[in-house]
>>> print(open('model-v1.tsv').read())   # TSV, C-alpha atoms and all ligand atoms
chain	number	residue	atom	x	y	z
A	1	MET	CA	28.33	25.67	11.60
A	2	GLN	CA	27.15	22.24	10.44
A	3	SER	CA	23.37	21.83	10.34
A	4	PRO	CA	22.66	18.15	9.78
A	5	ILE	CA	19.28	16.43	9.92
A	6	GLY	CA	18.88	14.66	13.27
A	7	ILE	CA	17.57	11.09	13.18
A	8	PHE	CA	16.47	9.71	16.53
A	9	ASP	CA	15.51	6.27	17.75
A	10	SER	CA	15.38	4.46	21.07
A	11	GLY	CA	18.18	2.23	19.75
A	12	TYR	CA	19.06	0.43	16.53
A	13	GLY	CA	15.60	0.20	14.98
A	14	GLY	CA	15.56	3.69	13.49
A	15	LEU	CA	18.41	2.58	11.27
A	16	THR	CA	15.83	0.69	9.14
A	17	VAL	CA	14.18	4.06	8.49
A	18	PHE	CA	17.43	5.98	8.16
A	19	LYS	CA	18.67	3.45	5.58
A	20	SER	CA	15.83	4.51	3.26
A	21	ILE	CA	16.30	8.22	4.03
A	22	ALA	CA	20.06	8.10	3.35
A	23	ALA	CA	19.47	6.21	0.08
A	24	LYS	CA	16.88	8.70	-1.15
A	25	LEU	CA	18.54	11.89	0.12
A	26	PRO	CA	22.30	11.20	0.14
A	27	GLN	CA	23.24	14.85	-0.34
A	28	TYR	CA	22.44	15.94	3.23
A	29	ASP	CA	24.44	15.69	6.45
A	30	TYR	CA	22.94	13.55	9.20
A	31	ILE	CA	23.43	12.72	12.85
A	32	TYR	CA	21.88	9.46	14.05
A	33	LEU	CA	21.37	8.98	17.78
A	34	GLY	CA	20.23	5.71	19.34
A	35	ASP	CA	19.31	5.90	23.02
A	36	ASN	CA	20.40	2.29	23.53
A	37	ALA	CA	21.21	2.81	27.20
A	38	ARG	CA	17.51	3.35	27.93
A	39	ALA	CA	15.98	1.16	25.19
A	40	PRO	CA	13.51	-0.38	24.66
A	41	TYR	CA	10.98	2.44	24.96
A	42	GLY	CA	8.07	0.20	23.93
A	43	ASN	CA	6.72	-0.54	27.44
A	44	ARG	CA	7.59	2.79	29.05
A	45	SER	CA	5.08	5.41	30.24
A	46	PHE	CA	4.14	8.55	28.30
A	47	GLU	CA	6.07	10.68	30.81
A	48	THR	CA	9.25	8.64	30.54
A	49	VAL	CA	9.22	8.42	26.72
A	50	HIS	CA	8.60	12.18	26.57
A	51	GLU	CA	11.39	12.97	29.04
A	52	TYR	CA	13.98	10.77	27.27
A	53	THR	CA	12.99	11.87	23.78
A	54	LEU	CA	12.99	15.57	24.70
A	55	GLN	CA	16.44	15.27	26.24
A	56	CYS	CA	17.74	13.76	22.99
A	57	VAL	CA	15.93	16.35	20.84
A	58	LYS	CA	17.61	19.14	22.85
A	59	TRP	CA	20.98	17.48	22.27
A	60	PHE	CA	20.32	17.46	18.52
A	61	PHE	CA	19.53	21.17	18.61
A	62	GLU	CA	22.82	21.79	20.47
A	63	GLN	CA	24.60	20.01	17.58
A	64	GLY	CA	23.14	22.54	15.14
A	65	CYS	CA	20.20	20.48	13.85
A	66	GLN	CA	17.18	22.50	12.88
A	67	LEU	CA	15.16	19.44	11.85
A	68	VAL	CA	14.89	16.22	13.86
A	69	ILE	CA	13.08	13.08	12.71
A	70	LEU	CA	11.79	10.73	15.40
A	71	ALA	CA	12.43	7.51	13.48
A	72	CYS	CA	10.82	5.57	16.32
A	73	ASN	CA	7.15	4.71	16.44
A	74	THR	CA	6.97	4.65	20.22
A	75	ALA	CA	8.55	8.11	20.53
A	76	SER	CA	6.36	9.41	17.68
A	77	ALA	CA	3.27	8.01	19.41
A	78	LYS	CA	4.05	9.09	22.94
A	79	ALA	CA	6.27	12.17	22.79
A	80	LEU	CA	5.96	13.96	19.46
A	81	ARG	CA	2.73	15.86	20.02
A	82	THR	CA	3.82	17.18	23.44
A	83	ILE	CA	7.21	18.19	22.07
A	84	GLN	CA	5.63	19.96	19.10
A	85	GLN	CA	2.94	21.72	21.13
A	86	ASN	CA	4.51	22.36	24.54
A	87	ASP	CA	8.29	22.23	24.21
A	88	LEU	CA	9.21	23.55	20.78
A	89	PRO	CA	7.87	27.09	21.23
A	90	ALA	CA	10.38	27.57	24.06
A	91	LEU	CA	13.23	25.88	22.18
A	92	GLY	CA	13.17	28.09	19.10
A	93	THR	CA	10.49	28.80	16.56
A	94	ASP	CA	12.79	27.79	13.71
A	95	LYS	CA	13.14	24.22	15.03
A	96	ARG	CA	11.13	21.28	13.66
A	97	VAL	CA	10.53	17.77	14.98
A	98	LEU	CA	8.69	15.27	12.77
A	99	GLY	CA	7.64	11.66	13.34
A	100	VAL	CA	6.84	8.53	11.37
A	101	ILE	CA	3.13	8.08	12.07
A	102	ARG	CA	1.59	10.87	10.05
A	103	PRO	CA	3.49	10.17	6.80
A	104	THR	CA	2.42	6.53	7.01
A	105	ALA	CA	-1.20	7.36	7.85
A	106	GLU	CA	-1.36	9.74	4.88
A	107	VAL	CA	-0.66	7.04	2.30
A	108	ILE	CA	-2.10	3.86	3.79
A	109	GLY	CA	-5.36	4.27	1.87
A	110	SER	CA	-3.62	3.33	-1.35
A	111	TYR	CA	-2.57	-0.08	0.02
A	112	THR	CA	-6.02	-1.44	0.88
A	113	LYS	CA	-9.06	-2.45	-1.14
A	114	THR	CA	-11.04	-4.13	1.65
A	115	ARG	CA	-10.57	-0.94	3.76
A	116	GLU	CA	-9.48	-3.06	6.72
A	117	VAL	CA	-5.85	-2.73	7.77
A	118	ALA	CA	-3.79	-4.09	10.64
A	119	VAL	CA	-1.26	-2.03	12.57
A	120	LEU	CA	1.38	-4.01	14.47
A	121	GLY	CA	3.58	-2.22	17.01
A	122	THR	CA	4.92	-2.08	20.53
A	123	LYS	CA	2.53	-1.97	23.48
A	124	GLY	CA	3.20	1.77	23.80
A	125	THR	CA	2.39	2.55	20.18
A	126	ILE	CA	-0.74	0.39	20.16
A	127	ASN	CA	-2.10	1.62	23.52
A	128	SER	CA	-1.66	5.24	22.43
A	129	ARG	CA	-4.08	4.52	19.51
A	130	SER	CA	-2.10	7.11	17.53
A	131	TYR	CA	-2.27	5.15	14.26
A	132	GLU	CA	-5.99	4.56	14.51
A	133	ILE	CA	-6.58	8.26	15.15
A	134	GLU	CA	-4.23	9.50	12.40
A	135	ILE	CA	-5.40	6.98	9.79
A	136	ASN	CA	-9.05	7.83	10.44
A	137	LYS	CA	-8.29	11.54	10.00
A	138	PHE	CA	-7.20	10.86	6.43
A	139	PHE	CA	-9.39	7.82	5.73
A	140	PRO	CA	-12.51	7.70	7.93
A	141	ASP	CA	-13.74	4.65	5.98
A	142	ILE	CA	-10.78	2.45	6.96
A	143	LYS	CA	-11.21	0.02	9.83
A	144	VAL	CA	-7.96	-0.20	11.80
A	145	HIS	CA	-7.17	-3.41	13.68
A	146	GLN	CA	-4.32	-2.89	16.13
A	147	MET	CA	-2.13	-5.50	17.74
A	148	ALA	CA	0.88	-5.30	20.04
A	149	CYS	CA	3.62	-7.86	19.35
A	150	PRO	CA	5.77	-7.48	22.48
A	151	MET	CA	8.04	-10.46	21.76
A	152	TRP	CA	9.24	-9.23	18.38
A	153	VAL	CA	11.57	-6.42	19.53
A	154	PRO	CA	13.50	-8.65	21.99
A	155	ILE	CA	13.78	-11.41	19.36
A	156	VAL	CA	15.40	-8.93	16.96
A	157	GLU	CA	17.52	-7.24	19.66
A	158	TYR	CA	19.00	-10.60	20.66
A	159	GLY	CA	19.77	-11.56	17.07
A	160	GLU	CA	17.22	-14.41	17.02
A	161	TYR	CA	15.36	-13.27	13.90
A	162	ASN	CA	16.22	-16.23	11.67
A	163	THR	CA	15.37	-18.97	14.13
A	164	PRO	CA	12.49	-21.39	14.78
A	165	GLY	CA	11.82	-19.38	17.97
A	166	ALA	CA	11.25	-16.21	15.93
A	167	ASP	CA	8.99	-18.12	13.54
A	168	TYR	CA	6.96	-19.42	16.48
A	169	PHE	CA	6.27	-15.93	17.83
A	170	VAL	CA	5.63	-14.42	14.41
A	171	LYS	CA	3.09	-17.13	13.62
A	172	LYS	CA	1.52	-16.85	17.07
A	173	TYR	CA	0.67	-13.15	16.71
A	174	LEU	CA	-0.28	-13.34	13.03
A	175	ASP	CA	-2.62	-16.31	13.61
A	176	GLN	CA	-4.36	-14.30	16.34
A	177	LEU	CA	-4.58	-11.32	14.03
A	178	LEU	CA	-6.07	-13.28	11.12
A	179	LEU	CA	-8.62	-14.88	13.45
A	180	SER	CA	-9.84	-11.54	14.79
A	181	ALA	CA	-9.53	-9.58	11.52
A	182	PRO	CA	-10.05	-11.97	8.57
A	183	ASN	CA	-10.82	-9.18	6.06
A	184	ILE	CA	-7.54	-7.26	6.31
A	185	ASP	CA	-5.56	-6.89	3.09
A	186	CYS	CA	-2.79	-4.69	4.49
A	187	VAL	CA	-0.45	-5.13	7.46
A	188	LEU	CA	1.57	-2.13	8.58
A	189	LEU	CA	4.80	-2.86	10.45
A	190	ALA	CA	4.55	0.11	12.82
A	191	CYS	CA	7.75	-0.62	14.69
A	192	THR	CA	11.24	-0.02	13.41
A	193	HIS	CA	12.42	-3.55	14.34
A	194	TYR	CA	9.73	-5.51	12.52
A	195	PRO	CA	11.16	-5.25	8.97
A	196	ILE	CA	14.01	-7.48	10.20
A	197	LEU	CA	11.37	-10.23	10.63
A	198	MET	CA	9.99	-9.68	7.11
A	199	ASP	CA	10.82	-13.16	5.72
A	200	SER	CA	9.06	-14.87	8.58
A	201	ILE	CA	6.11	-12.44	8.47
A	202	LYS	CA	5.67	-13.14	4.74
A	203	ARG	CA	5.66	-16.88	5.38
A	204	HIS	CA	2.84	-16.61	7.90
A	205	LEU	CA	0.49	-14.25	6.08
A	206	PRO	CA	-1.69	-15.34	3.15
A	207	GLN	CA	-0.60	-14.14	-0.29
A	208	GLY	CA	-2.32	-10.97	-1.41
A	209	ILE	CA	-1.88	-9.14	1.90
A	210	ASN	CA	0.25	-6.02	1.49
A	211	ILE	CA	3.00	-5.89	4.12
A	212	ILE	CA	4.20	-2.34	4.61
A	213	ALA	CA	7.52	-1.32	6.13
A	214	GLN	CA	7.82	2.41	6.74
A	215	GLY	CA	11.32	3.32	5.58
A	216	ASP	CA	10.55	4.24	1.99
A	217	ILE	CA	7.30	5.99	2.94
A	218	VAL	CA	9.06	8.18	5.52
A	219	ALA	CA	11.93	8.93	3.11
A	220	ALA	CA	9.51	10.01	0.35
A	221	SER	CA	7.57	12.13	2.81
A	222	LEU	CA	10.76	13.83	4.05
A	223	ALA	CA	11.84	14.58	0.47
A	224	ASP	CA	8.45	16.16	-0.17
A	225	TYR	CA	8.60	18.13	3.10
A	226	LEU	CA	12.02	19.58	2.24
A	227	HIS	CA	10.82	20.43	-1.24
A	228	ARG	CA	7.92	22.40	0.27
A	229	HIS	CA	9.96	24.01	3.10
A	230	THR	CA	12.87	25.65	1.33
A	231	ASP	CA	13.60	27.83	4.39
A	232	ILE	CA	14.56	24.66	6.27
A	233	GLU	CA	16.11	22.86	3.30
A	234	ASN	CA	18.43	25.81	2.58
A	235	ASN	CA	19.91	25.62	6.08
A	236	ILE	CA	20.76	21.91	6.03
A	237	THR	CA	24.42	21.35	5.27
A	238	LYS	CA	25.09	19.16	2.26
A	239	THR	CA	28.39	17.31	2.35
A	240	GLY	CA	26.83	13.85	2.50
A	241	SER	CA	28.34	13.03	5.90
A	242	THR	CA	26.80	11.02	8.74
A	243	LEU	CA	27.80	10.76	12.39
A	244	PHE	CA	26.41	7.92	14.51
A	245	TYR	CA	26.00	8.19	18.27
A	246	THR	CA	24.71	5.79	20.88
A	247	THR	CA	24.08	6.41	24.57
A	248	ASP	CA	25.41	2.90	25.31
A	249	ASP	CA	28.54	1.02	24.36
A	250	ALA	CA	29.74	2.02	20.86
A	251	PHE	CA	31.41	-1.34	20.20
A	252	ASP	CA	28.09	-3.13	20.82
A	253	PHE	CA	26.25	-0.63	18.64
A	254	ASN	CA	28.69	-1.18	15.77
A	255	ASN	CA	28.30	-4.95	16.07
A	256	HIS	CA	24.50	-4.84	15.86
A	257	ALA	CA	23.90	-1.88	13.57
A	258	SER	CA	24.69	-3.52	10.23
A	259	VAL	CA	21.67	-5.84	10.53
A	260	PHE	CA	19.44	-2.76	10.61
A	261	PHE	CA	21.41	-0.43	8.35
A	262	GLY	CA	22.70	-2.92	5.78
A	263	LYS	CA	26.30	-1.81	6.21
A	264	GLN	CA	28.93	-1.34	8.87
A	265	VAL	CA	28.80	1.85	10.95
A	266	THR	CA	31.21	3.41	13.42
A	267	ALA	CA	29.46	5.08	16.32
A	268	LEU	CA	30.64	7.29	19.15
A	269	GLN	CA	29.35	6.96	22.68
A	270	LEU	CA	27.38	9.91	24.00
A	271	HIS	CA	27.00	10.60	27.72
A	272	LEU	CA	23.78	12.59	28.07
A	273	LYS	CA	23.86	15.05	30.94
B	301	LIG	N1	12.02	1.86	17.95
B	301	LIG	C1	10.86	1.34	18.64
B	301	LIG	C2	9.60	1.55	17.82
B	301	LIG	O1	9.64	1.78	16.62
B	301	LIG	C3	11.03	-0.13	18.95
B	301	LIG	C4	12.02	-0.41	20.03
B	301	LIG	C5	11.62	0.10	21.40
B	301	LIG	O2	10.64	-0.41	21.99
B	301	LIG	O3	12.30	0.98	21.88
B	301	LIG	O4	8.53	1.50	18.35
>>> encode(input="model-v1.tsv", output="structure tokens")
Amino acid sequence: MQSPIGIFDSGYGGLTVFKSIAAKLPQYDYIYLGDNARAPYGNRSFETVHEYTLQCVKWFFEQGCQLVILACNTASAKALRTIQQNDLPALGTDKRVLGVIRPTAEVIGSYTKTREVAVLGTKGTINSRSYEIEINKFFPDIKVHQMACPMWVPIVEYGEYNTPGADYFVKKYLDQLLLSAPNIDCVLLACTHYPILMDSIKRHLPQGINIIAQGDIVAASLADYLHRHTDIENNITKTGSTLFYTTDDAFDFNNHASVFFGKQVTALQLHLK
């Protein structure tokens, strides 16, 4: 039986993370699932994000995945801990679900000299305070400034990322951030969609501020994890194949996905039961 690595996101955004993973670890088989029919997750309650994410995680397990990566900050912030602590023991002790927050928190200390960093994310991610908590576990001396940027996901979803409208909303949030946190020297893009706004974000931040997208960090962390967990690594099938699924219209997914993934994909529609 195939045992690919499962990559999950609420929609397209996780493709920015998967792009880095696939580039670094091309030997493995993967299944990507975007829950586009119920996206965005960013404003949804803990209960809802947990319910949707768990349903998708169970589907991955049914496909033979032993390891699932939640390549979505909102799902990592609001569902991962409950899945790991409450759900996984009943689903099989050999199963693993990992997120994107911890790997990022582990390395953020090397990107800041002033020890003041900004975390930008969806309302859900920011209100959960997950980044602040995780970063301070590894680096208690770092002051974490958090800010929700609720307009940025819709701007990207509607393909408006290279427009004056996008620039207006990027500048609006970053001006607010710089006013309230003038000593930051590192800005973490803690939402899978935000790297698509990178050019505009760069234009509106002073030079010398590190802007961190998570893809390469998560890919490096996964490579290290698999190196340390040979029991899991041995079970992953290695034919270099990827299947893409979306819970919404596959034609739409294929039309949007290349912006996030950097190349054309062909997805299948999945009807979750
Ligand atoms: N993938 C989500 C995240 O990284 C952004 C999109 C959404 O709100 O569902 O937080």
>>> closest_residue(input="model-v1.tsv", among="A:Ala190, A:Ile83, A:Leu222, A:Leu272", to="Leu120 (chain A)", atoms="only C-alpha atoms")
A:Ala190
>>> closest_residue(input="model-v1.tsv", among="A:Thr163, A:Ser45, A:Gln63, A:Ser130", to="Tyr245 (chain A)", atoms="only C-alpha atoms")
A:Gln63
>>> closest_residue(input="model-v1.tsv", among="A:Gly240, A:Thr114, A:Thr104, A:Gln269", to="Asn254 (chain A)", atoms="all atoms listed in the file")
A:Gln269
>>> closest_residue(input="model-v1.tsv", among="A:Ala37, A:Ile135, A:Val68, A:Ile236", to="ligand LIG 301 (chain B)", atoms="only C-alpha atoms and all ligand atoms")
A:Ala37
>>> closest_residue(input="model-v1.tsv", among="A:Ser20, A:Asn73, A:Gln55, A:Thr82", to="ligand LIG 301 (chain B)", atoms="all atoms listed in the file")
A:Asn73
>>> residues_near_ligand(input="model-v1.tsv", ligand="ligand LIG 301 (chain B)", cutoff="8 Å", atoms="only C-alpha atoms and all ligand atoms", output="PyMOL selection string")
chain A and resi 9-14+39-43+71-75+121-122+124-125+153+190-193
>>> residues_near_point(input="model-v1.tsv", point="(13.6, -18.3, 13.8)", cutoff="12 Å", atoms="all atoms listed in the file", output="list in words")
Trp152, Ile155, Val156, Tyr158, Gly159, Glu160, Tyr161, Asn162, Thr163, Pro164, Gly165, Ala166, Asp167, Tyr168, Phe169, Val170, Lys171, Ile196, Leu197, Met198, Asp199, Ser200, Ile201 and Arg203 of chain A
>>> write_last_selection(input="model-v1.tsv", atoms="C-alpha atoms", output="PDB file, in the coordinates of the input")
ATOM      1  CA  TRP A 152       9.240  -9.230  18.380  1.00  0.00           C
ATOM      2  CA  ILE A 155      13.780 -11.410  19.360  1.00  0.00           C
ATOM      3  CA  VAL A 156      15.400  -8.930  16.960  1.00  0.00           C
ATOM      4  CA  TYR A 158      19.000 -10.600  20.660  1.00  0.00           C
ATOM      5  CA  GLY A 159      19.770 -11.560  17.070  1.00  0.00           C
ATOM      6  CA  GLU A 160      17.220 -14.410  17.020  1.00  0.00           C
ATOM      7  CA  TYR A 161      15.360 -13.270  13.900  1.00  0.00           C
ATOM      8  CA  ASN A 162      16.220 -16.230  11.670  1.00  0.00           C
ATOM      9  CA  THR A 163      15.370 -18.970  14.130  1.00  0.00           C
ATOM     10  CA  PRO A 164      12.490 -21.390  14.780  1.00  0.00           C
ATOM     11  CA  GLY A 165      11.820 -19.380  17.970  1.00  0.00           C
ATOM     12  CA  ALA A 166      11.250 -16.210  15.930  1.00  0.00           C
ATOM     13  CA  ASP A 167       8.990 -18.120  13.540  1.00  0.00           C
ATOM     14  CA  TYR A 168       6.960 -19.420  16.480  1.00  0.00           C
ATOM     15  CA  PHE A 169       6.270 -15.930  17.830  1.00  0.00           C
ATOM     16  CA  VAL A 170       5.630 -14.420  14.410  1.00  0.00           C
ATOM     17  CA  LYS A 171       3.090 -17.130  13.620  1.00  0.00           C
ATOM     18  CA  ILE A 196      14.010  -7.480  10.200  1.00  0.00           C
ATOM     19  CA  LEU A 197      11.370 -10.230  10.630  1.00  0.00           C
ATOM     20  CA  MET A 198       9.990  -9.680   7.110  1.00  0.00           C
ATOM     21  CA  ASP A 199      10.820 -13.160   5.720  1.00  0.00           C
ATOM     22  CA  SER A 200       9.060 -14.870   8.580  1.00  0.00           C
ATOM     23  CA  ILE A 201       6.110 -12.440   8.470  1.00  0.00           C
ATOM     24  CA  ARG A 203       5.660 -16.880   5.380  1.00  0.00           C
TER      25      ARG A 203
END
>>> decode(input="model-v1.tsv", residues="region 169-188 of chain A", atoms="N, CA, C and O atoms", output="compact mmCIF listing (two decimals), in the first residue's frame")
# COMPACT_ATOMS: atom_id res chain seq x y z
N PHE A 169 -3.67 48.02 1.64
CA PHE A 169 -3.91 47.26 2.87
C PHE A 169 -2.62 46.71 3.49
O PHE A 169 -2.54 46.54 4.70
N VAL A 170 -1.64 46.46 2.67
CA VAL A 170 -0.33 46.04 3.22
C VAL A 170 0.25 47.21 4.01
O VAL A 170 0.67 47.07 5.16
N LYS A 171 0.27 48.37 3.40
CA LYS A 171 0.83 49.56 4.07
C LYS A 171 0.05 49.88 5.35
O LYS A 171 0.63 50.19 6.39
N LYS A 172 -1.27 49.78 5.26
CA LYS A 172 -2.11 50.11 6.41
C LYS A 172 -1.71 49.30 7.65
O LYS A 172 -1.48 49.84 8.72
N TYR A 173 -1.61 47.97 7.49
CA TYR A 173 -1.28 47.14 8.65
C TYR A 173 0.17 47.34 9.08
O TYR A 173 0.47 47.38 10.27
N LEU A 174 1.08 47.47 8.11
CA LEU A 174 2.49 47.59 8.48
C LEU A 174 2.78 48.94 9.14
O LEU A 174 3.60 49.01 10.07
N ASP A 175 2.11 50.00 8.71
CA ASP A 175 2.27 51.30 9.38
C ASP A 175 1.83 51.20 10.84
O ASP A 175 2.50 51.69 11.74
N GLN A 176 0.69 50.54 11.04
CA GLN A 176 0.19 50.34 12.43
C GLN A 176 1.21 49.56 13.26
O GLN A 176 1.49 49.90 14.41
N LEU A 177 1.75 48.52 12.63
CA LEU A 177 2.71 47.67 13.33
C LEU A 177 3.95 48.47 13.73
O LEU A 177 4.40 48.43 14.88
N LEU A 178 4.49 49.23 12.79
CA LEU A 178 5.73 49.97 13.06
C LEU A 178 5.51 51.06 14.11
O LEU A 178 6.41 51.39 14.89
N LEU A 179 4.30 51.58 14.16
CA LEU A 179 3.97 52.60 15.16
C LEU A 179 3.93 51.99 16.56
O LEU A 179 4.46 52.54 17.53
N SER A 180 3.35 50.79 16.66
CA SER A 180 3.21 50.18 17.98
C SER A 180 4.44 49.37 18.39
O SER A 180 4.63 49.08 19.57
N ALA A 181 5.28 48.99 17.42
CA ALA A 181 6.46 48.16 17.74
C ALA A 181 7.67 48.66 16.95
O ALA A 181 8.16 47.96 16.06
N PRO A 182 8.18 49.85 17.28
CA PRO A 182 9.25 50.43 16.44
C PRO A 182 10.59 49.69 16.53
O PRO A 182 11.44 49.90 15.67
N ASN A 183 10.77 48.82 17.52
CA ASN A 183 12.08 48.15 17.68
C ASN A 183 12.18 46.78 17.03
O ASN A 183 13.20 46.11 17.17
N ILE A 184 11.13 46.35 16.34
CA ILE A 184 11.20 45.02 15.72
C ILE A 184 12.28 45.00 14.62
O ILE A 184 12.48 46.01 13.93
N ASP A 185 12.96 43.87 14.49
CA ASP A 185 13.87 43.71 13.35
C ASP A 185 13.57 42.42 12.60
O ASP A 185 14.37 41.94 11.80
N CYS A 186 12.39 41.84 12.87
CA CYS A 186 12.02 40.57 12.24
C CYS A 186 10.50 40.50 12.15
O CYS A 186 9.81 40.74 13.15
N VAL A 187 10.00 40.20 10.96
CA VAL A 187 8.55 40.06 10.76
C VAL A 187 8.29 38.67 10.22
O VAL A 187 8.77 38.30 9.15
N LEU A 188 7.53 37.89 10.98
CA LEU A 188 7.21 36.53 10.57
C LEU A 188 5.86 36.51 9.86
O LEU A 188 4.85 36.96 10.44
